[in-house]
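Visitor: Dropping in my_file30.txt, which is compact mmCIF, C-alpha atoms and all ligand atoms:
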```
# COMPACT_ATOMS: atom_id res chain seq x y z
CA MET A 1 80.46 -64.02 178.19
CA ARG A 2 81.51 -60.95 176.18
CA ILE A 3 79.18 -57.99 176.41
CA PHE A 4 78.50 -55.16 173.98
CA ASP A 5 76.86 -52.27 175.78
CA GLY A 6 74.40 -49.75 174.33
CA HIS A 7 75.39 -46.71 176.41
CA ASN A 8 78.09 -45.37 178.70
CA ASP A 9 79.08 -41.86 179.78
CA VAL A 10 82.83 -42.41 180.25
CA LEU A 11 83.63 -39.53 177.87
CA THR A 12 81.63 -37.14 180.08
CA GLU A 13 83.42 -38.47 183.15
CA LEU A 14 86.81 -37.87 181.50
CA TYR A 15 85.68 -34.46 180.20
CA GLU A 16 84.71 -33.40 183.71
CA ALA A 17 87.96 -34.83 185.11
CA GLY A 18 90.01 -32.48 182.93
CA GLY A 19 89.58 -33.60 179.31
CA VAL A 20 92.32 -35.13 177.17
CA SER A 21 94.84 -35.06 180.04
CA ALA A 22 92.51 -37.31 182.07
CA ALA A 23 92.38 -40.02 179.37
CA PRO A 24 95.30 -42.14 180.69
CA GLY A 25 93.23 -42.71 183.85
CA PHE A 26 91.02 -44.99 181.78
CA LEU A 27 93.91 -47.49 181.64
CA THR A 28 95.01 -47.19 185.27
CA GLY A 29 91.54 -47.03 186.84
CA LEU A 30 88.77 -44.45 187.32
CA LYS A 31 86.40 -43.87 190.20
CA GLY A 32 83.31 -44.49 188.06
CA HIS A 33 81.70 -47.58 186.56
CA VAL A 34 83.85 -48.26 183.49
CA ASP A 35 87.60 -48.27 182.87
CA ALA A 36 89.96 -50.69 181.13
CA ILE A 37 90.51 -52.77 184.28
CA ARG A 38 86.83 -53.09 185.18
CA ALA A 39 85.98 -53.79 181.52
CA ARG A 40 88.46 -56.67 181.33
CA GLY A 41 87.23 -58.02 184.65
CA GLY A 42 83.59 -58.16 183.59
CA GLY A 43 83.64 -59.14 179.93
CA PHE A 44 82.71 -55.60 178.84
CA ALA A 45 84.10 -55.93 175.32
CA GLY A 46 82.75 -52.77 173.76
CA GLY A 47 79.84 -50.45 173.36
CA PHE A 48 78.47 -47.05 172.47
CA PHE A 49 80.52 -44.23 174.00
CA ALA A 50 78.24 -41.20 174.37
CA MET A 51 79.22 -37.59 173.86
CA TRP A 52 76.97 -35.30 175.89
CA VAL A 53 76.74 -31.70 177.02
CA GLY A 54 75.58 -31.10 180.56
CA SER A 55 72.83 -28.64 181.40
CA PRO A 56 73.57 -25.99 184.00
CA GLY A 57 72.31 -27.06 187.39
CA VAL A 58 71.30 -30.54 186.28
CA MET A 59 70.63 -33.07 188.16
CA ASP A 60 71.69 -35.85 190.29
CA PHE A 61 69.01 -38.46 190.90
CA SER A 62 70.61 -39.56 194.15
CA LEU A 63 70.46 -35.97 195.49
CA ILE A 64 66.81 -35.74 194.48
CA GLU A 65 66.20 -39.03 196.24
CA ALA A 66 68.08 -37.85 199.34
CA ALA A 67 65.88 -34.75 199.40
CA GLY A 68 62.83 -36.99 199.41
CA HIS A 69 61.47 -35.81 196.08
CA ALA A 70 60.14 -39.05 194.72
CA PRO A 71 57.88 -39.50 192.90
CA TYR A 72 59.21 -36.44 191.17
CA ALA A 73 59.00 -34.22 188.13
CA LEU A 74 62.17 -32.44 187.12
CA PRO A 75 61.63 -29.37 184.98
CA LEU A 76 62.94 -29.54 181.44
CA ALA A 77 66.50 -28.32 181.52
CA THR A 78 67.26 -25.05 179.78
CA GLU A 79 68.37 -25.06 176.18
CA ILE A 80 72.10 -24.69 175.61
CA SER A 81 73.90 -22.78 172.89
CA GLN A 82 75.42 -24.46 169.85
CA ARG A 83 78.72 -22.70 170.54
CA LYS A 84 79.04 -24.18 174.05
CA ALA A 85 77.86 -27.58 172.85
CA LEU A 86 80.30 -27.68 169.94
CA ASP A 87 83.16 -26.75 172.22
CA THR A 88 82.32 -29.62 174.59
CA ILE A 89 81.73 -32.21 171.87
CA LEU A 90 84.98 -31.37 170.03
CA THR A 91 86.86 -31.93 173.30
CA GLN A 92 85.09 -35.27 173.78
CA ILE A 93 86.11 -36.27 170.23
CA ASP A 94 89.69 -35.38 171.22
CA ILE A 95 89.33 -37.58 174.33
CA ILE A 96 88.25 -40.65 172.38
CA ALA A 97 91.02 -40.02 169.83
CA GLU A 98 93.47 -39.95 172.75
CA LEU A 99 92.03 -43.22 174.13
CA GLN A 100 92.60 -44.78 170.71
CA LYS A 101 96.17 -43.42 170.62
CA LEU A 102 96.75 -44.96 174.06
CA GLU A 103 95.48 -48.28 172.62
CA ALA A 104 92.75 -48.31 175.27
CA LEU A 105 90.10 -48.90 172.60
CA SER A 106 89.43 -49.03 168.87
CA LEU A 107 86.97 -46.54 167.40
CA CYS A 108 84.75 -48.70 165.17
CA THR A 109 82.56 -47.72 162.22
CA SER A 110 81.54 -51.20 161.05
CA VAL A 111 80.67 -54.58 162.53
CA ASP A 112 83.74 -56.02 160.81
CA GLY A 113 85.73 -53.33 162.62
CA ILE A 114 84.18 -54.38 165.94
CA GLU A 115 85.10 -58.02 165.32
CA ALA A 116 88.63 -57.01 164.26
CA ALA A 117 89.02 -55.04 167.52
CA GLN A 118 87.94 -58.15 169.40
CA ALA A 119 90.50 -60.26 167.55
CA ASP A 120 93.17 -57.73 168.61
CA GLY A 121 92.00 -57.85 172.23
CA ARG A 122 90.83 -54.22 172.07
CA LEU A 123 87.72 -52.63 173.49
CA ALA A 124 85.40 -51.80 170.55
CA ALA A 125 83.95 -48.28 170.79
CA VAL A 126 81.11 -46.82 168.72
CA LEU A 127 80.89 -43.04 168.89
CA HIS A 128 77.42 -41.75 169.86
CA LEU A 129 76.05 -38.20 170.17
CA GLU A 130 73.43 -37.88 172.93
CA GLY A 131 71.55 -34.68 172.09
CA ALA A 132 72.49 -32.85 168.89
CA GLU A 133 72.91 -29.29 170.23
CA ALA A 134 76.39 -29.11 168.65
CA ILE A 135 74.81 -29.41 165.19
CA GLY A 136 73.42 -26.26 163.57
CA PRO A 137 70.27 -25.98 161.41
CA ASP A 138 72.20 -26.53 158.14
CA LEU A 139 73.49 -29.88 159.58
CA ALA A 140 77.05 -29.14 158.41
CA GLU A 141 78.58 -30.42 161.67
CA LEU A 142 76.88 -33.79 161.18
CA GLU A 143 79.11 -34.53 158.19
CA ALA A 144 82.18 -33.45 160.16
CA PHE A 145 81.23 -35.69 163.06
CA HIS A 146 80.56 -38.59 160.67
CA ALA A 147 84.04 -38.07 159.24
CA ALA A 148 85.38 -38.20 162.82
CA GLY A 149 83.70 -41.60 163.30
CA LEU A 150 80.21 -40.79 164.58
CA ARG A 151 77.81 -43.67 163.79
CA SER A 152 74.97 -43.19 166.32
CA LEU A 153 72.93 -40.15 167.32
CA GLY A 154 70.05 -39.22 169.60
CA PRO A 155 68.45 -35.98 168.31
CA VAL A 156 67.67 -34.84 171.85
CA TRP A 157 68.66 -35.51 175.43
CA SER A 158 65.92 -34.87 178.04
CA ARG A 159 65.54 -31.21 177.09
CA SER A 160 64.40 -29.23 174.05
CA ASN A 161 66.63 -28.16 171.17
CA ILE A 162 66.16 -27.07 167.55
CA PHE A 163 65.43 -30.67 166.51
CA GLY A 164 62.73 -31.62 169.01
CA HIS A 165 61.85 -32.21 172.63
CA GLY A 166 63.30 -34.65 175.08
CA VAL A 167 61.23 -36.58 177.57
CA PRO A 168 61.54 -35.12 181.07
CA PHE A 169 62.49 -37.21 184.11
CA ARG A 170 59.01 -37.73 185.48
CA TYR A 171 57.47 -40.46 187.58
CA PRO A 172 54.85 -41.68 187.31
CA SER A 173 54.36 -40.41 183.78
CA ASP A 174 54.58 -41.27 180.13
CA GLY A 175 56.23 -39.49 177.24
CA GLU A 176 53.12 -37.67 175.99
CA THR A 177 54.57 -34.26 176.75
CA GLY A 178 53.76 -32.28 173.60
CA PRO A 179 55.00 -31.89 170.03
CA GLY A 180 57.63 -34.11 168.44
CA LEU A 181 60.37 -33.29 165.95
CA THR A 182 60.67 -29.88 164.31
CA ASP A 183 61.20 -29.41 160.55
CA VAL A 184 64.95 -29.28 161.16
CA GLY A 185 64.52 -32.46 163.21
CA HIS A 186 62.91 -34.14 160.19
CA ALA A 187 65.88 -33.07 158.05
CA LEU A 188 68.28 -34.48 160.68
CA ILE A 189 66.57 -37.88 160.54
CA GLU A 190 66.75 -37.94 156.74
CA LYS A 191 70.42 -36.98 156.79
CA CYS A 192 71.23 -39.64 159.41
CA ASN A 193 69.51 -42.21 157.17
CA ALA A 194 71.52 -40.99 154.16
CA LEU A 195 74.80 -41.25 156.13
CA ARG A 196 73.62 -44.51 157.76
CA ILE A 197 74.08 -43.09 161.24
CA MET A 198 71.98 -45.05 163.75
CA ILE A 199 69.18 -43.00 165.35
CA ASP A 200 68.57 -43.43 169.08
CA LEU A 201 65.04 -43.02 170.48
CA SER A 202 66.04 -43.19 174.14
CA HIS A 203 65.48 -39.56 175.27
CA LEU A 204 62.73 -38.57 172.80
CA ASN A 205 59.21 -37.80 173.93
CA ALA A 206 56.37 -39.96 172.59
CA ALA A 207 55.54 -37.71 169.62
CA GLY A 208 59.22 -37.64 168.68
CA VAL A 209 59.35 -41.46 168.74
CA ARG A 210 56.32 -41.58 166.43
CA ASP A 211 57.99 -39.06 164.08
CA VAL A 212 61.19 -41.12 163.85
CA ALA A 213 59.12 -44.28 163.29
CA ARG A 214 57.32 -42.59 160.40
CA LEU A 215 60.37 -40.94 158.81
CA SER A 216 63.31 -43.30 159.31
CA ASP A 217 64.14 -46.13 156.94
CA ALA A 218 66.36 -47.88 159.51
CA PRO A 219 65.44 -50.28 162.34
CA LEU A 220 64.19 -48.37 165.42
CA VAL A 221 66.60 -48.48 168.35
CA ALA A 222 66.46 -47.31 171.96
CA THR A 223 70.01 -47.73 173.23
CA HIS A 224 69.27 -47.38 176.97
CA SER A 225 65.61 -47.68 177.95
CA ASN A 226 63.39 -49.96 180.04
CA ALA A 227 59.80 -51.22 180.08
CA HIS A 228 57.05 -48.77 181.10
CA GLY A 229 54.84 -51.82 181.73
CA VAL A 230 57.12 -52.73 184.67
CA ALA A 231 58.06 -49.25 185.93
CA PRO A 232 55.91 -46.28 184.84
CA HIS A 233 58.73 -43.75 184.42
CA ALA A 234 58.51 -41.28 181.52
CA ARG A 235 61.95 -42.45 180.27
CA ASN A 236 60.67 -46.01 179.81
CA LEU A 237 59.05 -47.44 176.67
CA THR A 238 55.34 -48.21 176.55
CA ASP A 239 54.09 -51.45 175.01
CA ALA A 240 52.91 -49.46 171.96
CA GLN A 241 56.44 -48.08 171.49
CA LEU A 242 57.91 -51.56 171.90
CA GLY A 243 55.49 -52.70 169.19
CA LEU A 244 56.82 -50.05 166.78
CA ILE A 245 60.40 -51.07 167.54
CA ALA A 246 59.62 -54.78 167.09
CA ALA A 247 57.87 -54.17 163.76
CA SER A 248 60.96 -52.38 162.45
CA GLY A 249 63.39 -55.13 163.45
CA GLY A 250 64.88 -52.87 166.09
CA VAL A 251 66.60 -53.31 169.46
CA VAL A 252 66.23 -51.96 173.03
CA GLY A 253 69.18 -51.92 175.44
CA LEU A 254 68.37 -52.53 179.13
CA ASN A 255 69.23 -49.47 181.28
CA PHE A 256 70.67 -50.03 184.79
CA GLU A 257 69.41 -46.74 186.32
CA ALA A 258 67.62 -47.62 189.56
CA SER A 259 64.84 -45.03 189.14
CA PHE A 260 64.00 -46.44 185.68
CA LEU A 261 64.11 -50.04 186.95
CA ARG A 262 62.21 -49.77 190.23
CA PRO A 263 58.41 -49.88 189.99
CA ASP A 264 58.30 -47.21 192.74
CA GLY A 265 60.49 -44.85 190.66
CA ARG A 266 62.97 -44.30 193.51
CA CYS A 267 66.67 -43.80 192.98
CA LEU A 268 67.85 -46.42 195.46
CA ALA A 269 70.54 -48.97 194.55
CA ASP A 270 68.69 -51.65 196.46
CA VAL A 271 67.17 -53.22 193.32
CA PRO A 272 66.61 -56.98 193.48
CA SER A 273 67.69 -58.96 190.44
CA GLU A 274 64.05 -60.06 190.06
CA VAL A 275 63.15 -56.46 189.14
CA VAL A 276 65.85 -56.35 186.46
CA MET A 277 64.66 -59.70 185.11
CA ALA A 278 61.06 -58.44 185.03
CA HIS A 279 62.20 -55.74 182.58
CA LEU A 280 64.12 -58.25 180.45
CA ASP A 281 61.14 -60.66 180.40
CA HIS A 282 58.80 -57.82 179.42
CA LEU A 283 61.13 -56.60 176.67
CA LEU A 284 61.57 -60.15 175.36
CA HIS A 285 57.80 -60.67 175.30
CA HIS A 286 57.29 -57.59 173.12
CA LEU A 287 60.50 -57.53 171.07
CA GLY A 288 61.39 -61.19 170.71
CA GLU A 289 64.79 -62.86 171.12
CA GLU A 290 66.41 -60.65 168.50
CA GLY A 291 65.25 -57.33 169.90
CA VAL A 292 66.73 -57.18 173.42
CA ALA A 293 70.24 -56.08 174.42
CA ILE A 294 72.17 -54.29 177.16
CA GLY A 295 72.43 -50.48 177.48
CA SER A 296 73.92 -49.99 180.95
CA ASP A 297 74.12 -46.17 181.20
CA PHE A 298 77.30 -46.77 183.24
CA ASP A 299 78.85 -43.54 184.51
CA GLY A 300 75.52 -41.80 184.01
CA CYS A 301 73.31 -43.79 186.36
CA THR A 302 72.80 -45.19 189.84
CA PRO A 303 72.97 -48.95 189.14
CA PRO A 304 71.73 -51.77 191.36
CA ASP A 305 74.30 -52.44 194.10
CA TRP A 306 74.99 -55.96 192.78
CA LEU A 307 75.56 -54.57 189.25
CA GLY A 308 77.48 -51.48 190.29
CA SER A 309 80.25 -51.35 187.65
CA ALA A 310 81.50 -53.08 184.49
CA ASP A 311 83.35 -55.80 186.44
CA ARG A 312 79.99 -56.88 187.94
CA LEU A 313 78.39 -57.75 184.58
CA PRO A 314 78.81 -61.51 185.19
CA ALA A 315 76.19 -61.11 187.96
CA LEU A 316 73.67 -60.10 185.27
CA VAL A 317 74.60 -63.12 183.17
CA ALA A 318 74.12 -65.29 186.26
CA ALA A 319 70.68 -63.73 186.87
CA MET A 320 69.68 -64.58 183.28
CA GLU A 321 70.87 -68.16 183.82
CA ARG A 322 68.83 -68.43 187.04
CA GLN A 323 65.82 -67.16 185.07
CA GLY A 324 66.26 -70.14 182.74
CA TYR A 325 67.42 -68.21 179.68
CA THR A 326 69.25 -70.46 177.23
CA SER A 327 72.91 -69.76 176.51
CA ASP A 328 71.88 -68.84 172.97
CA ARG A 329 69.42 -66.22 174.23
CA ILE A 330 71.97 -64.81 176.68
CA GLU A 331 74.55 -64.53 173.93
CA ARG A 332 72.10 -62.61 171.72
CA ILE A 333 71.25 -60.19 174.54
CA CYS A 334 74.89 -59.67 175.45
CA TRP A 335 76.35 -59.39 171.96
CA SER A 336 74.72 -60.58 168.75
CA ASN A 337 71.59 -58.45 168.76
CA TRP A 338 73.67 -55.28 168.73
CA MET A 339 75.81 -56.68 165.90
CA ARG A 340 72.74 -57.64 163.87
CA VAL A 341 70.99 -54.27 164.16
CA LEU A 342 74.23 -52.37 163.53
CA ARG A 343 74.85 -54.36 160.36
CA ASP A 344 71.25 -53.73 159.25
CA THR A 345 71.63 -49.99 159.96
CA TRP A 346 75.17 -49.38 158.73
CA GLY A 347 75.14 -51.91 155.90
CA ALA A 348 78.62 -53.07 156.92
ZN ZN B 1 70.94 -41.06 178.47
```
Let's see the structure in the file written out as structure tokens.

Guide:
Amino acid sequence: MRIFDGHNDVLTELYEAGGVSAAPGFLTGLKGHVDAIRARGGGFAGGFFAMWVGSPGVMDFSLIEAAGHAPYALPLATEISQRKALDTILTQIDIIAELQKLEALSLCTSVDGIEAAQADGRLAAVLHLEGAEAIGPDLAELEAFHAAGLRSLGPVWSRSNIFGHGVPFRYPSDGETGPGLTDVGHALIEKCNALRIMIDLSHLNAAGVRDVARLSDAPLVATHSNAHGVAPHARNLTDAQLGLIAASGGVVGLNFEASFLRPDGRCLADVPSEVVMAHLDHLLHHLGEEGVAIGSDFDGCTPPDWLGSADRLPALVAAMERQGYTSDRIERICWSNWMRVLRDTWGA
């Protein structure tokens, strides 16, 4: 079964490992969750490759867990400067360009491009910006990033910026943490619609999700989020939010982070497959067969031990089979639902 994945943080891993010079490691093997060898081994055929700027002092769930701070409430990370963010993001664009040069992947800007990459036996990568700190208030950088291949954007990560406010990592909690998008945030949504860049809800607070739902003319998408009805973490989507996404013809990608999956909110890799299936069942109930996909968060999460890297993805397919999902449903979750919503959003 080939799998298209809604979110990975390989570019951050390579950035932290030294930047462009670390890119060849993707072909020969990395310590993290995704590289070319693990991808081939697990049917990981492509996905959204996130660009992200770290906050100072942030944040390792497993360290928080080790310190016994669960249930927990992390403070909102400090805002970061556009200059620092731009510097980081431009390097991450250089890294994915290098990966393309090394023929490790194809940077795709259309569904036809994704299918062509598949026909060539290449990993299909969609460039995503997770938190738009590198974009200034006149949005000029957005056009430059679009020209570089950007086709998906989350206005905020779990912190505040000039566009809005991210949802903090809180458990138990919901996303009702204050105001939503700013005026510049509204302009960003309109410009993404005009450029047909997909907008990601995954790190927005609840008011921000409502703002995007009201403003955007595209299907609503959360690339890597789970069901609040199963695990009451602030990063998860409430049934009301799932209703908005379903009404728009949108998609939610299942996140593998243990503290978002586990009903007790703990960051422990001991997560039974039944818990993962409870999220998928819940998402299917609210979104329907065409609204559920995968959004692993590989290289940015603590996954269940049995699903610990891209080569373990067949274990998730097996869990869906044990749950009685039809092969047609499994194929939609693993591949076609992403293709459908991308075609609807991009128009190509
Ligand atoms: Zn994320």

Visitor: I'd like the neighbourhood of region 340-343 of chain A as a list in words, where a residue qualifies if any of its atoms comes within 9 Å (using all atoms listed in the file), though same-chain residues fewer than 3 positions away should be ignored.

Guide: Ser110, Val111, Met198, Pro219, Val221, Gly249, Gly250, Val251, Glu290, Gly291, Ser336, Asn337, Trp346, Gly347 and Ala348 of chain A

Visitor: As an exercise, work out the distance from CA of Ile95 (chain A) to CA of Ala132 (chain A) in Å and give it to one decimal place.

Guide: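 Here the two named atoms are 18.3 Å from each other.
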
Visitor: At a cut-off of 10 Å and counting all atoms listed in the file, what residues surround ligand ZN 1 (chain B)? Please answer as an mmCIF file with C-alpha atoms, in the coordinates of the input.

Guide:
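Generated file (pocket_27.cif):
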```cif
data_model
loop_
_atom_site.group_PDB
_atom_site.id
_atom_site.type_symbol
_atom_site.label_atom_id
_atom_site.label_comp_id
_atom_site.auth_asym_id
_atom_site.auth_seq_id
_atom_site.Cartn_x
_atom_site.Cartn_y
_atom_site.Cartn_z
ATOM 1 C CA HIS A 7 75.390 -46.710 176.410
ATOM 2 C CA ASN A 8 78.090 -45.370 178.700
ATOM 3 C CA ASP A 9 79.080 -41.860 179.780
ATOM 4 C CA ALA A 50 78.240 -41.200 174.370
ATOM 5 C CA TRP A 52 76.970 -35.300 175.890
ATOM 6 C CA GLU A 130 73.430 -37.880 172.930
ATOM 7 C CA GLY A 131 71.550 -34.680 172.090
ATOM 8 C CA GLY A 154 70.050 -39.220 169.600
ATOM 9 C CA VAL A 156 67.670 -34.840 171.850
ATOM 10 C CA TRP A 157 68.660 -35.510 175.430
ATOM 11 C CA SER A 158 65.920 -34.870 178.040
ATOM 12 C CA ASP A 200 68.570 -43.430 169.080
ATOM 13 C CA SER A 202 66.040 -43.190 174.140
ATOM 14 C CA HIS A 203 65.480 -39.560 175.270
ATOM 15 C CA THR A 223 70.010 -47.730 173.230
ATOM 16 C CA HIS A 224 69.270 -47.380 176.970
ATOM 17 C CA SER A 225 65.610 -47.680 177.950
ATOM 18 C CA ARG A 235 61.950 -42.450 180.270
ATOM 19 C CA ASN A 255 69.230 -49.470 181.280
ATOM 20 C CA GLU A 257 69.410 -46.740 186.320
ATOM 21 C CA GLY A 295 72.430 -50.480 177.480
ATOM 22 C CA SER A 296 73.920 -49.990 180.950
ATOM 23 C CA ASP A 297 74.120 -46.170 181.200
ATOM 24 C CA PHE A 298 77.300 -46.770 183.240
ATOM 25 C CA GLY A 300 75.520 -41.800 184.010
ATOM 26 C CA CYS A 301 73.310 -43.790 186.360
#
```

Visitor: With only C-alpha atoms as the atoms that count, which of A:Gly265, A:Gly136, A:Pro272, A:Gly19 lies nearest to Trp306 (chain A)?

Guide: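 For Trp306 (chain A), the nearest of the candidates is A:Pro272.
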
Visitor: List the spatial neighbours of Ser21 (chain A) as a short mmCIF file (atom, residue, chain, number, x, y, z; two decimals) with C-alpha atoms, in the frame of the given file - criterion: any atom at most 10 Å away, only C-alpha atoms, same-chain residues fewer than 6 positions off excluded.

Guide:
```cif
data_model
loop_
_atom_site.label_atom_id
_atom_site.label_comp_id
_atom_site.auth_asym_id
_atom_site.auth_seq_id
_atom_site.Cartn_x
_atom_site.Cartn_y
_atom_site.Cartn_z
CA LEU A 14 86.81 -37.87 181.50
CA TYR A 15 85.68 -34.46 180.20
CA ILE A 95 89.33 -37.58 174.33
CA GLU A 98 93.47 -39.95 172.75
#
```

Visitor: Write out as an mmCIF file with C-alpha atoms, in the frame of the given file each polymer residue whose atoms come within 7 Å of Gly185 (chain A), counting all atoms listed in the file; drop sequence neighbours fewer than 3 positions from it.

Guide:
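File produced: result37.cif:
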```
data_model
loop_
_atom_site.group_PDB
_atom_site.id
_atom_site.type_symbol
_atom_site.label_atom_id
_atom_site.label_comp_id
_atom_site.auth_asym_id
_atom_site.auth_seq_id
_atom_site.Cartn_x
_atom_site.Cartn_y
_atom_site.Cartn_z
ATOM 1 C CA PHE A 163 65.430 -30.670 166.510
ATOM 2 C CA GLY A 164 62.730 -31.620 169.010
ATOM 3 C CA LEU A 181 60.370 -33.290 165.950
ATOM 4 C CA THR A 182 60.670 -29.880 164.310
ATOM 5 C CA LEU A 188 68.280 -34.480 160.680
ATOM 6 C CA ILE A 189 66.570 -37.880 160.540
#
```

Visitor: Compare A:Glu13, A:Ala310, A:Asp239, A:Asp183 by their minimum atom-to-atom distance to Ala36 (chain A), counting only C-alpha atoms, and give me the closest one.

Guide: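 Among the listed residues, the smallest separation from Ala36 (chain A) belongs to A:Ala310.
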
Visitor: Find the residue from A:Gly166, A:Gly25, A:Gly180, A:Gly18 that sits nearest to Gln92 (chain A); use only C-alpha atoms when measuring.

Guide: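 Nearest to Gln92 (chain A): A:Gly18.
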
Visitor: Pick out the residues sitting within 10 Å of Thr302 (chain A), and hand them over as a VMD selection string; count all atoms listed in the file, and ignore anything fewer than 2 positions along from it in its own chain.

Guide: chain A and resid 33 60 to 62 256 to 260 267 to 269 297 to 300 304 to 305 307 to 309

Visitor: In Å, rounded to a single decimal, give me how far CA of Leu287 (chain A) is from CA of Gly324 (chain A).

Guide: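 Separation between CA of Gly324 (chain A) and CA of Leu287 (chain A): 18.1 Å.
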
Visitor: So how many Å separate CA of Cys192 (chain A) and CA of Ala218 (chain A), to one decimal?

Guide: 9.6 Å
